[in-house]
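Visitor: TSV, C-alpha atoms, saved as run.tsv, coming up:
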```tsv
chain	number	residue	atom	x	y	z
A	1	MET	CA	-189.78	-47.37	11.50
A	2	GLU	CA	-192.30	-50.19	11.64
A	3	ILE	CA	-194.35	-50.49	14.80
A	4	PRO	CA	-195.19	-54.09	15.74
A	5	PRO	CA	-198.89	-54.87	16.21
A	6	SER	CA	-200.38	-55.39	19.64
A	7	ALA	CA	-201.98	-58.51	20.78
A	8	ASN	CA	-205.30	-57.38	19.32
A	9	ASN	CA	-203.63	-56.36	16.07
A	10	GLN	CA	-203.83	-52.66	17.03
A	11	PRO	CA	-200.76	-50.45	16.58
A	12	HIS	CA	-198.78	-49.70	19.78
A	13	LEU	CA	-198.73	-45.91	20.09
A	14	THR	CA	-195.73	-44.00	21.57
A	15	PRO	CA	-196.69	-41.50	24.29
A	16	TYR	CA	-196.85	-37.87	23.10
A	17	LEU	CA	-194.19	-36.48	25.34
A	18	GLN	CA	-191.73	-39.16	24.39
A	19	GLN	CA	-192.41	-38.51	20.74
A	20	GLN	CA	-191.67	-34.81	21.17
A	21	GLY	CA	-188.39	-35.45	22.91
A	22	GLY	CA	-189.75	-34.36	26.31
A	23	THR	CA	-188.92	-36.03	29.63
A	24	PHE	CA	-190.92	-37.46	32.41
A	25	PRO	CA	-190.55	-36.06	35.96
A	26	GLU	CA	-187.75	-38.46	36.62
A	27	GLY	CA	-185.67	-36.52	34.05
A	28	GLN	CA	-185.24	-33.40	36.43
A	29	PRO	CA	-181.66	-34.30	37.62
A	30	ARG	CA	-180.39	-33.94	34.03
A	31	ARG	CA	-181.41	-30.24	34.03
A	32	ASN	CA	-179.58	-29.70	37.33
A	33	ARG	CA	-176.43	-31.23	35.91
A	34	LYS	CA	-176.52	-28.82	32.97
A	35	LEU	CA	-176.97	-25.86	35.32
A	36	ILE	CA	-174.02	-26.94	37.49
A	37	ILE	CA	-171.82	-27.34	34.44
A	38	ALA	CA	-172.74	-23.83	33.26
A	39	ILE	CA	-171.98	-22.29	36.68
A	40	ALA	CA	-168.69	-24.13	36.88
A	41	ALA	CA	-167.70	-22.90	33.45
A	42	GLY	CA	-168.54	-19.31	34.40
A	43	ALA	CA	-166.59	-19.60	37.63
A	44	ALA	CA	-163.59	-20.88	35.72
A	45	VAL	CA	-163.73	-17.83	33.44
A	46	VAL	CA	-163.92	-15.45	36.45
A	47	LEU	CA	-161.09	-17.30	38.22
A	48	THR	CA	-158.93	-17.17	35.10
A	49	ALA	CA	-159.51	-13.41	34.77
A	50	ALA	CA	-158.76	-12.84	38.47
A	51	THR	CA	-155.60	-14.92	38.22
A	52	ALA	CA	-154.48	-12.89	35.23
A	53	GLY	CA	-155.13	-9.69	37.19
A	54	VAL	CA	-153.07	-10.93	40.14
A	55	VAL	CA	-150.24	-11.94	37.83
A	56	LEU	CA	-150.37	-8.52	36.19
A	57	LEU	CA	-150.35	-6.78	39.60
A	58	VAL	CA	-147.42	-8.83	40.90
A	59	SER	CA	-145.57	-8.23	37.67
A	60	SER	CA	-146.05	-4.46	37.96
A	61	LEU	CA	-144.53	-4.54	41.47
A	62	SER	CA	-141.61	-6.83	40.69
A	63	PRO	CA	-138.45	-6.50	42.85
A	64	ALA	CA	-136.36	-5.43	39.85
A	65	GLN	CA	-138.65	-2.48	39.10
A	66	ASP	CA	-138.85	-1.60	42.79
A	67	VAL	CA	-135.09	-1.41	43.32
A	68	SER	CA	-134.66	0.45	40.03
A	69	ALA	CA	-137.11	3.13	41.17
A	70	THR	CA	-135.25	3.45	44.49
A	71	ALA	CA	-131.93	3.81	42.67
A	72	GLU	CA	-133.33	6.53	40.40
A	73	THR	CA	-134.63	8.50	43.38
A	74	TYR	CA	-131.26	8.14	45.11
A	75	PHE	CA	-129.18	9.26	42.12
A	76	GLN	CA	-131.42	12.23	41.36
A	77	ALA	CA	-131.21	13.39	44.99
A	78	LEU	CA	-127.40	13.27	44.76
A	79	ILE	CA	-127.49	15.39	41.60
A	80	ASP	CA	-129.73	17.92	43.37
A	81	GLY	CA	-127.60	17.97	46.53
A	82	ASP	CA	-130.67	16.89	48.51
A	83	GLY	CA	-129.19	14.95	51.41
A	84	GLU	CA	-132.51	14.36	53.16
A	85	LYS	CA	-134.08	12.85	50.03
A	86	ALA	CA	-131.08	10.60	49.38
A	87	LEU	CA	-131.09	9.54	53.02
A	88	SER	CA	-134.81	8.69	52.88
A	89	VAL	CA	-134.12	5.92	50.33
A	90	SER	CA	-130.89	4.64	51.84
A	91	ASP	CA	-129.62	2.99	54.99
A	92	PRO	CA	-126.03	3.99	55.91
A	93	GLY	CA	-126.07	1.57	58.82
A	94	VAL	CA	-125.09	4.11	61.52
A	95	PRO	CA	-127.02	5.74	64.43
A	96	GLU	CA	-128.62	9.15	64.02
A	97	ASN	CA	-125.76	11.03	65.69
A	98	GLU	CA	-123.39	9.79	62.96
A	99	LYS	CA	-125.48	11.06	60.02
A	100	ALA	CA	-124.37	14.71	60.26
A	101	LEU	CA	-122.52	14.68	56.92
A	102	LEU	CA	-125.56	13.23	55.13
A	103	GLN	CA	-127.80	16.22	55.91
A	104	SER	CA	-128.66	18.77	53.23
A	105	ASN	CA	-127.03	21.69	55.09
A	106	VAL	CA	-123.69	19.89	54.65
A	107	TYR	CA	-124.20	18.10	51.34
A	108	LYS	CA	-125.67	21.00	49.36
A	109	ASN	CA	-122.38	22.89	49.83
A	110	ALA	CA	-120.20	19.96	48.75
A	111	GLY	CA	-118.43	20.17	45.43
A	112	GLN	CA	-118.32	17.54	42.69
A	113	HIS	CA	-121.82	16.08	43.09
A	114	ILE	CA	-122.62	13.38	40.56
A	115	ASP	CA	-123.61	14.86	37.19
A	116	GLY	CA	-125.77	12.08	35.76
A	117	TYR	CA	-126.59	8.38	35.72
A	118	ARG	CA	-127.96	5.57	33.56
A	119	ILE	CA	-129.53	2.41	34.98
A	120	MET	CA	-128.05	-0.57	33.16
A	121	ASP	CA	-129.46	-3.53	35.08
A	122	ALA	CA	-131.65	-4.18	38.10
A	123	ARG	CA	-131.99	-7.39	40.07
A	124	SER	CA	-133.62	-8.32	43.34
A	125	ASP	CA	-130.79	-6.99	45.51
A	126	PHE	CA	-128.54	-4.84	43.35
A	127	VAL	CA	-128.60	-2.20	40.62
A	128	THR	CA	-125.87	-1.68	38.03
A	129	ALA	CA	-125.54	1.89	36.78
A	130	GLU	CA	-123.19	4.15	34.87
A	131	VAL	CA	-122.64	7.26	36.94
A	132	THR	CA	-120.89	10.52	35.98
A	133	GLN	CA	-119.05	12.67	38.52
A	134	ASN	CA	-117.05	15.74	37.56
A	135	GLY	CA	-117.00	14.52	33.96
A	136	ARG	CA	-115.71	11.06	34.94
A	137	LYS	CA	-117.86	8.03	34.08
A	138	GLN	CA	-117.80	4.94	36.23
A	139	GLU	CA	-119.87	1.76	36.29
A	140	ILE	CA	-120.96	1.01	39.84
A	141	ILE	CA	-123.11	-1.53	41.63
A	142	LEU	CA	-125.60	-0.39	44.24
A	143	ARG	CA	-126.12	-3.05	46.88
A	144	MET	CA	-129.71	-2.92	48.03
A	145	THR	CA	-131.26	-3.93	51.33
A	146	LYS	CA	-134.82	-4.22	52.58
A	147	SER	CA	-136.06	-2.19	55.52
A	148	PRO	CA	-138.18	-3.75	58.29
A	149	GLU	CA	-141.18	-2.11	56.58
A	150	GLY	CA	-140.40	-4.01	53.37
A	151	GLU	CA	-139.03	-1.02	51.40
A	152	TRP	CA	-135.92	-1.32	49.26
A	153	LYS	CA	-133.04	0.92	50.37
A	154	VAL	CA	-129.53	1.68	49.14
A	155	GLY	CA	-127.49	-0.40	51.56
A	156	ALA	CA	-124.65	0.52	53.94
A	157	LYS	CA	-121.99	-1.18	51.79
A	158	ASN	CA	-122.33	1.63	49.23
A	159	PHE	CA	-121.22	4.34	51.68
A	160	GLN	CA	-117.67	5.59	52.10
A	161	LYS	CA	-116.67	7.32	55.35
A	162	ILE	CA	-114.68	10.48	55.94
A	163	ARG	CA	-112.03	9.99	58.64
A	164	LEU	CA	-110.97	13.33	60.13
A	165	SER	CA	-108.55	13.96	62.99
A	166	SER	CA	-106.66	16.88	64.53
A	167	THR	CA	-103.20	17.13	66.08
A	168	ARG	CA	-104.70	18.54	69.30
A	169	PRO	CA	-108.11	18.16	70.97
A	170	VAL	CA	-110.78	20.46	69.53
A	171	GLU	CA	-114.39	21.13	70.45
A	172	SER	CA	-115.75	20.71	66.95
A	173	PHE	CA	-114.86	20.32	63.30
A	174	THR	CA	-116.33	22.18	60.35
A	175	VAL	CA	-117.51	20.35	57.24
A	176	ASN	CA	-118.52	22.65	54.38
A	177	GLY	CA	-118.88	25.45	56.90
A	178	VAL	CA	-121.18	23.51	59.25
A	179	ASP	CA	-120.05	22.78	62.82
A	180	VAL	CA	-119.91	19.07	63.67
A	181	ALA	CA	-119.17	18.21	67.30
A	182	ALA	CA	-115.94	16.27	67.83
A	183	PRO	CA	-116.75	12.95	69.55
A	184	GLY	CA	-115.26	12.74	73.04
A	185	ALA	CA	-114.33	16.42	73.22
A	186	GLY	CA	-113.04	17.42	76.63
A	187	THR	CA	-112.08	13.91	77.76
A	188	GLY	CA	-108.36	14.66	77.96
A	189	ALA	CA	-107.47	12.88	74.72
A	190	ARG	CA	-104.34	13.95	72.85
A	191	ASP	CA	-106.33	14.58	69.66
A	192	SER	CA	-109.85	14.54	68.24
A	193	GLN	CA	-111.26	12.19	65.62
A	194	LEU	CA	-114.35	11.98	63.45
A	195	LEU	CA	-115.54	9.04	61.34
A	196	MET	CA	-118.84	9.43	59.48
A	197	PRO	CA	-120.42	8.27	56.18
A	198	ALA	CA	-120.77	10.76	53.35
A	199	PHE	CA	-122.39	10.94	49.92
A	200	PRO	CA	-120.20	11.32	46.79
A	201	GLY	CA	-118.69	14.80	46.63
A	202	GLU	CA	-115.83	17.05	47.74
A	203	TYR	CA	-115.86	18.30	51.33
A	204	THR	CA	-114.02	21.25	52.92
A	205	LEU	CA	-112.74	20.42	56.41
A	206	GLY	CA	-111.63	22.64	59.30
A	207	ILE	CA	-111.99	23.15	63.06
A	208	SER	CA	-114.13	25.46	65.17
A	209	GLY	CA	-115.15	26.18	68.74
A	210	ASP	CA	-111.88	27.80	69.91
A	211	LYS	CA	-111.14	31.47	69.21
A	212	TYR	CA	-107.45	30.89	69.91
A	213	ALA	CA	-106.97	27.92	67.56
A	214	THR	CA	-107.47	27.26	63.87
A	215	ALA	CA	-106.27	24.91	61.15
A	216	GLU	CA	-105.54	25.14	57.48
A	217	GLU	CA	-108.56	23.85	55.58
A	218	GLN	CA	-108.23	20.49	53.86
A	219	LYS	CA	-110.28	18.79	51.15
A	220	ALA	CA	-111.73	15.29	51.25
A	221	LEU	CA	-113.07	13.58	48.11
A	222	VAL	CA	-115.68	10.84	48.15
A	223	SER	CA	-115.51	9.55	44.57
A	224	ILE	CA	-117.69	7.09	42.68
A	225	ASP	CA	-114.33	5.53	41.81
A	226	ARG	CA	-113.07	4.41	45.20
A	227	ALA	CA	-109.55	4.10	43.81
A	228	ILE	CA	-109.20	7.91	43.70
A	229	SER	CA	-111.19	8.74	46.85
A	230	LYS	CA	-109.28	10.76	49.44
A	231	THR	CA	-111.29	10.41	52.61
A	232	THR	CA	-108.66	10.53	55.40
A	233	GLU	CA	-107.38	13.93	56.56
A	234	ARG	CA	-105.45	15.13	59.62
A	235	LEU	CA	-105.70	18.79	60.53
A	236	THR	CA	-102.72	20.53	62.13
A	237	VAL	CA	-103.96	22.83	64.89
A	238	ILE	CA	-102.20	26.22	64.81
A	239	PRO	CA	-102.68	29.44	66.79
A	240	SER	CA	-105.27	31.83	65.48
A	241	GLN	CA	-104.34	35.35	64.45
A	242	LEU	CA	-106.16	36.60	67.55
A	243	LEU	CA	-103.89	34.56	69.81
A	244	LEU	CA	-100.76	35.72	67.96
A	245	ASP	CA	-101.82	39.35	68.33
A	246	GLU	CA	-102.62	38.99	72.02
A	247	THR	CA	-99.34	37.16	72.63
A	248	ARG	CA	-97.41	39.97	70.93
A	249	THR	CA	-99.14	42.52	73.17
A	250	LEU	CA	-98.34	40.46	76.27
A	251	LEU	CA	-94.67	40.25	75.26
A	252	GLU	CA	-94.50	44.00	74.63
A	253	ASN	CA	-95.95	44.64	78.07
A	254	LYS	CA	-93.36	42.30	79.55
A	255	ARG	CA	-90.58	44.10	77.68
A	256	SER	CA	-91.72	47.41	79.12
A	257	GLU	CA	-91.60	45.86	82.56
A	258	CYS	CA	-88.11	44.48	81.93
A	259	THR	CA	-86.69	47.75	80.65
A	260	ALA	CA	-88.27	49.75	83.47
A	261	THR	CA	-86.22	47.78	86.02
A	262	THR	CA	-83.36	46.14	84.25
A	263	PRO	CA	-82.25	42.75	85.63
A	264	VAL	CA	-78.76	42.92	87.07
A	265	ASN	CA	-77.74	39.50	85.77
A	266	ALA	CA	-78.83	36.61	83.55
A	267	SER	CA	-80.26	34.63	86.44
A	268	GLU	CA	-82.61	37.45	87.40
A	269	ALA	CA	-83.50	38.05	83.76
A	270	SER	CA	-84.49	34.41	83.30
A	271	ARG	CA	-86.47	34.35	86.54
A	272	ARG	CA	-88.44	37.43	85.55
A	273	GLY	CA	-88.98	36.31	81.94
A	274	CYS	CA	-86.73	39.09	80.65
A	275	SER	CA	-84.36	37.04	78.54
A	276	GLY	CA	-81.98	39.34	76.63
A	277	PHE	CA	-82.62	42.36	78.85
A	278	ALA	CA	-79.90	41.75	81.43
A	279	LEU	CA	-76.91	44.02	82.04
A	280	TYR	CA	-73.69	42.16	82.66
A	281	GLU	CA	-72.21	45.00	84.70
A	282	TYR	CA	-71.11	44.49	88.30
A	283	ARG	CA	-70.39	48.22	88.90
A	284	PRO	CA	-73.06	50.76	89.86
A	285	THR	CA	-75.04	52.18	86.92
A	286	ARG	CA	-77.45	55.03	86.38
A	287	ASN	CA	-79.53	56.71	83.65
A	288	LEU	CA	-80.39	53.54	81.75
A	289	LYS	CA	-82.16	54.01	78.41
A	290	TRP	CA	-83.27	51.18	76.14
A	291	THR	CA	-83.69	51.48	72.38
A	292	ILE	CA	-85.45	48.65	70.54
A	293	GLU	CA	-84.19	48.47	66.99
A	294	LYS	CA	-85.88	45.23	65.98
A	295	GLU	CA	-88.57	43.24	67.73
A	296	PRO	CA	-87.86	39.53	68.30
A	297	THR	CA	-90.12	37.13	66.41
A	298	PHE	CA	-91.74	34.03	67.77
A	299	THR	CA	-94.03	31.15	67.06
A	300	LEU	CA	-96.45	29.26	69.29
A	301	LEU	CA	-96.35	25.52	69.84
A	302	ARG	CA	-99.32	23.76	71.36
A	303	SER	CA	-98.71	22.20	74.76
A	304	GLU	CA	-101.00	20.02	76.84
A	305	ASP	CA	-102.60	22.97	78.61
A	306	GLY	CA	-101.56	26.00	76.55
A	307	TRP	CA	-99.06	27.34	74.03
A	308	ILE	CA	-95.26	27.52	74.33
A	309	ILE	CA	-93.61	30.69	73.00
A	310	GLN	CA	-90.70	29.62	70.85
A	311	SER	CA	-88.21	32.24	69.68
A	312	GLU	CA	-87.73	32.35	65.92
A	313	GLU	CA	-85.38	35.26	65.41
A	314	ALA	CA	-83.69	37.34	68.07
A	315	GLY	CA	-84.35	41.05	68.20
A	316	LYS	CA	-81.87	43.92	68.28
A	317	ALA	CA	-81.67	46.47	71.07
A	318	SER	CA	-79.20	48.77	72.72
A	319	VAL	CA	-78.97	50.20	76.20
A	320	SER	CA	-77.11	53.35	77.12
A	321	TYR	CA	-76.13	54.10	80.70
A	322	GLU	CA	-73.46	55.52	82.94
A	323	VAL	CA	-71.20	53.33	84.99
A	324	ASN	CA	-69.19	54.31	88.07
A	325	SER	CA	-65.58	53.51	87.36
A	326	GLY	CA	-64.40	55.18	90.56
A	327	ARG	CA	-64.99	54.64	94.24
A	328	ASP	CA	-68.22	55.07	96.09
A	329	ASP	CA	-66.83	58.12	97.90
A	330	ALA	CA	-65.28	59.46	94.71
A	331	PRO	CA	-67.47	58.32	91.83
A	332	GLN	CA	-66.41	58.70	88.23
A	333	TRP	CA	-69.42	58.26	85.92
A	334	GLU	CA	-68.61	57.20	82.41
A	335	PRO	CA	-71.08	56.77	79.51
A	336	LYS	CA	-71.44	53.35	77.99
A	337	VAL	CA	-73.56	51.71	75.27
A	338	GLU	CA	-74.23	47.98	75.11
A	339	LEU	CA	-75.87	45.96	72.35
A	340	VAL	CA	-78.22	43.15	73.38
A	341	THR	CA	-80.25	40.49	71.55
A	342	PRO	CA	-83.62	40.09	73.25
A	343	ARG	CA	-85.55	36.87	72.63
A	344	ALA	CA	-89.20	36.00	73.11
A	345	SER	CA	-89.94	33.32	75.68
A	346	GLY	CA	-92.66	32.17	78.04
A	347	GLU	CA	-95.88	30.21	77.87
A	348	ILE	CA	-99.42	31.25	77.05
A	349	GLN	CA	-102.14	29.77	79.18
A	350	ILE	CA	-105.87	30.27	78.69
A	351	VAL	CA	-107.41	31.31	82.00
A	352	ASP	CA	-111.16	31.94	82.12
A	353	GLY	CA	-111.19	32.22	78.34
A	354	LYS	CA	-108.40	34.81	78.23
A	355	ALA	CA	-104.78	34.47	77.12
A	356	THR	CA	-102.23	35.07	79.89
A	357	LEU	CA	-98.41	35.07	79.87
A	358	LYS	CA	-96.56	32.72	82.18
A	359	ASP	CA	-92.81	33.14	82.63
A	360	ARG	CA	-90.72	30.08	81.91
```
How does this structure look as structure tokens?

Guide:
Amino acid sequence: MEIPPSANNQPHLTPYLQQQGGTFPEGQPRRNRKLIIAIAAGAAVVLTAATAGVVLLVSSLSPAQDVSATAETYFQALIDGDGEKALSVSDPGVPENEKALLQSNVYKNAGQHIDGYRIMDARSDFVTAEVTQNGRKQEIILRMTKSPEGEWKVGAKNFQKIRLSSTRPVESFTVNGVDVAAPGAGTGARDSQLLMPAFPGEYTLGISGDKYATAEEQKALVSIDRAISKTTERLTVIPSQLLLDETRTLLENKRSECTATTPVNASEASRRGCSGFALYEYRPTRNLKWTIEKEPTFTLLRSEDGWIIQSEEAGKASVSYEVNSGRDDAPQWEPKVELVTPRASGEIQIVDGKATLKDR
């Protein structure tokens, strides 16, 4: 480039620093701007990496994965018969005193636990799974709920309840051999009832708490297919073998009493509880001897405060004696044999924990 001459025809020289591309002191702000740009670029890289890490962390803890993990824990606990574990990841929606059937001591002895499962889909509030129970496959939906602590739980809508009742009041029921107190026992109700949630399985039901009463065991089925669940059972309370044996002994003792002093007529026989042991003879008698050929049979029916003895089949007996066919001052004793049909009757009442016979 041509440099124009100065006024004295001398070349105009460019300062050294300017020629070398340097800057004067007033050029310092340009360096600061470059430094700020570099820092900003670095910060953007760090922020981008942090954001990616947060996204990755949130993704790894997504609701779908969370509920799926809860469902897997729940299903595996059911396979293992571990009631406590299944209960720890579920919320049946009932108070503690209504969770008796969900405990391991009850559930481990249940039959027909689920055999397997396969998670098919998981969303924020439900899990779809194929579950196998006793060889039967069924697609089910687990409704999930969040606890106050923010944990996903298997919700109350998934639980079926066993409804158990008895024909008479009882102190307690048995479920898989475990005593479960009957709600409201001793309140004078005409029966006892139990309503509690249960995990899928088959449950054996009975009664307990009374040595003089029992019931034929029944089965309840909580199925993954609600259409075939059988969760309502009513137990018929019947006398225990102990009560039947003690009643038989009481009746035998009464028979001995009746035959020792035979009632003279039906009215006295009924009053003394000696039905069938009366002699219908108005004349004087002596040397009475009873022979029991067949004992009468009976059954016991539950009453409000005891058991009623109901005759089933009359017994067979005979009594031999002598009867005075003459006058008192000139007696004529004649032998006679009479056939009778004794029947069992009376009422059993429990007094101070012991069976007693009350004449009716």

Visitor: Report as CSV the residues of segment 55-156 of chain A within 7 Å of segment 166-184 of chain A, each with its shortest atom pair and distance in Å (one decimal), using all atoms listed in the file, ordered by chain and increasing residue number.

Guide:
```
residue,atom,partner,partner_atom,distance
A:Val106,CA,A:Asn176,CA,5.9
A:Asn109,CA,A:Asn176,CA,6.0
A:Ala110,CA,A:Asn176,CA,6.5
```

Visitor: Which residue is closest to Leu142 of chain A? Choose from A:Gln332, A:Ser68, A:Asn97, A:Ser267 and count only C-alpha atoms.

Guide: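 Smallest distance to Leu142 of chain A is found for A:Ser68.
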
Visitor: Considering all atoms listed in the file, state which residue in the set A:Pro239, A:Gly135, A:Pro197, A:Gly150 is at the smallest distance from Gln103 of chain A.

Guide: A:Pro197

Visitor: Name the residues in contact with segment 86-95 of chain A at a cut-off of 12 Å, using only C-alpha atoms, excluding same-chain residues fewer than 2 positions from it; report them as a VMD selection string.

Guide: chain A and resid 66 to 84 97 to 104 107 to 108 142 to 148 151 to 161 195 to 200

Visitor: If I take atom CA of Ala314 of chain A and atom CA of Glu334 of chain A, how far is one from the other in Å, to one decimal?

Guide: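 Rounded to one decimal, the two atoms are 28.8 Å apart.
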
Visitor: Could you please determine the separation between atom CA of Gln138 of chain A and atom CA of Gly111 of chain A in Å, to one decimal place?

Guide: 17.8 Å

Visitor: Around the point (-69.2, 56.2, 76.7), in the coordinates given by the file, pick out the residues reaching within 12 Å, counting only C-alpha atoms, and return them as a count of residues only.

Guide: 13

Visitor: Nearest to Ser345 of chain A: which of A:Thr297, A:Ser303, A:Gln218, A:Ser208 is it, counting all atoms listed in the file?

Guide: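 Once distances to Ser345 of chain A are computed over all atoms listed in the file, the minimum belongs to A:Thr297.
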
Visitor: For atom CA of Arg163 of chain A and atom CA of Glu139 of chain A, determine how far apart the two atoms are, in Å to one decimal place.

Guide: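 Atom CA of Glu139 of chain A lies at a distance of 25.1 Å from atom CA of Arg163 of chain A.
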
Visitor: Could you check which of A:Ser311, A:Gln349, A:Thr132, A:Asn287 is closest to Ser223 of chain A, using only C-alpha atoms?

Guide: A:Thr132

Visitor: Which residues, protein or nucleic acid, reach to within 12 Å of (-108.5, 27.0, 71.9) in the file's coordinates when using only C-alpha atoms, and can you give that as a ChimeraX atom specification?

Guide: /A:168-172,186,207-215,237-243,302-307,348-355

Visitor: Which of these residues is nearest to Thr341 of chain A, using only C-alpha atoms: A:Glu313, A:Asp125, A:Glu202, A:Asp359?

Guide: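 The answer is A:Glu313, which sits nearest to Thr341 of chain A.
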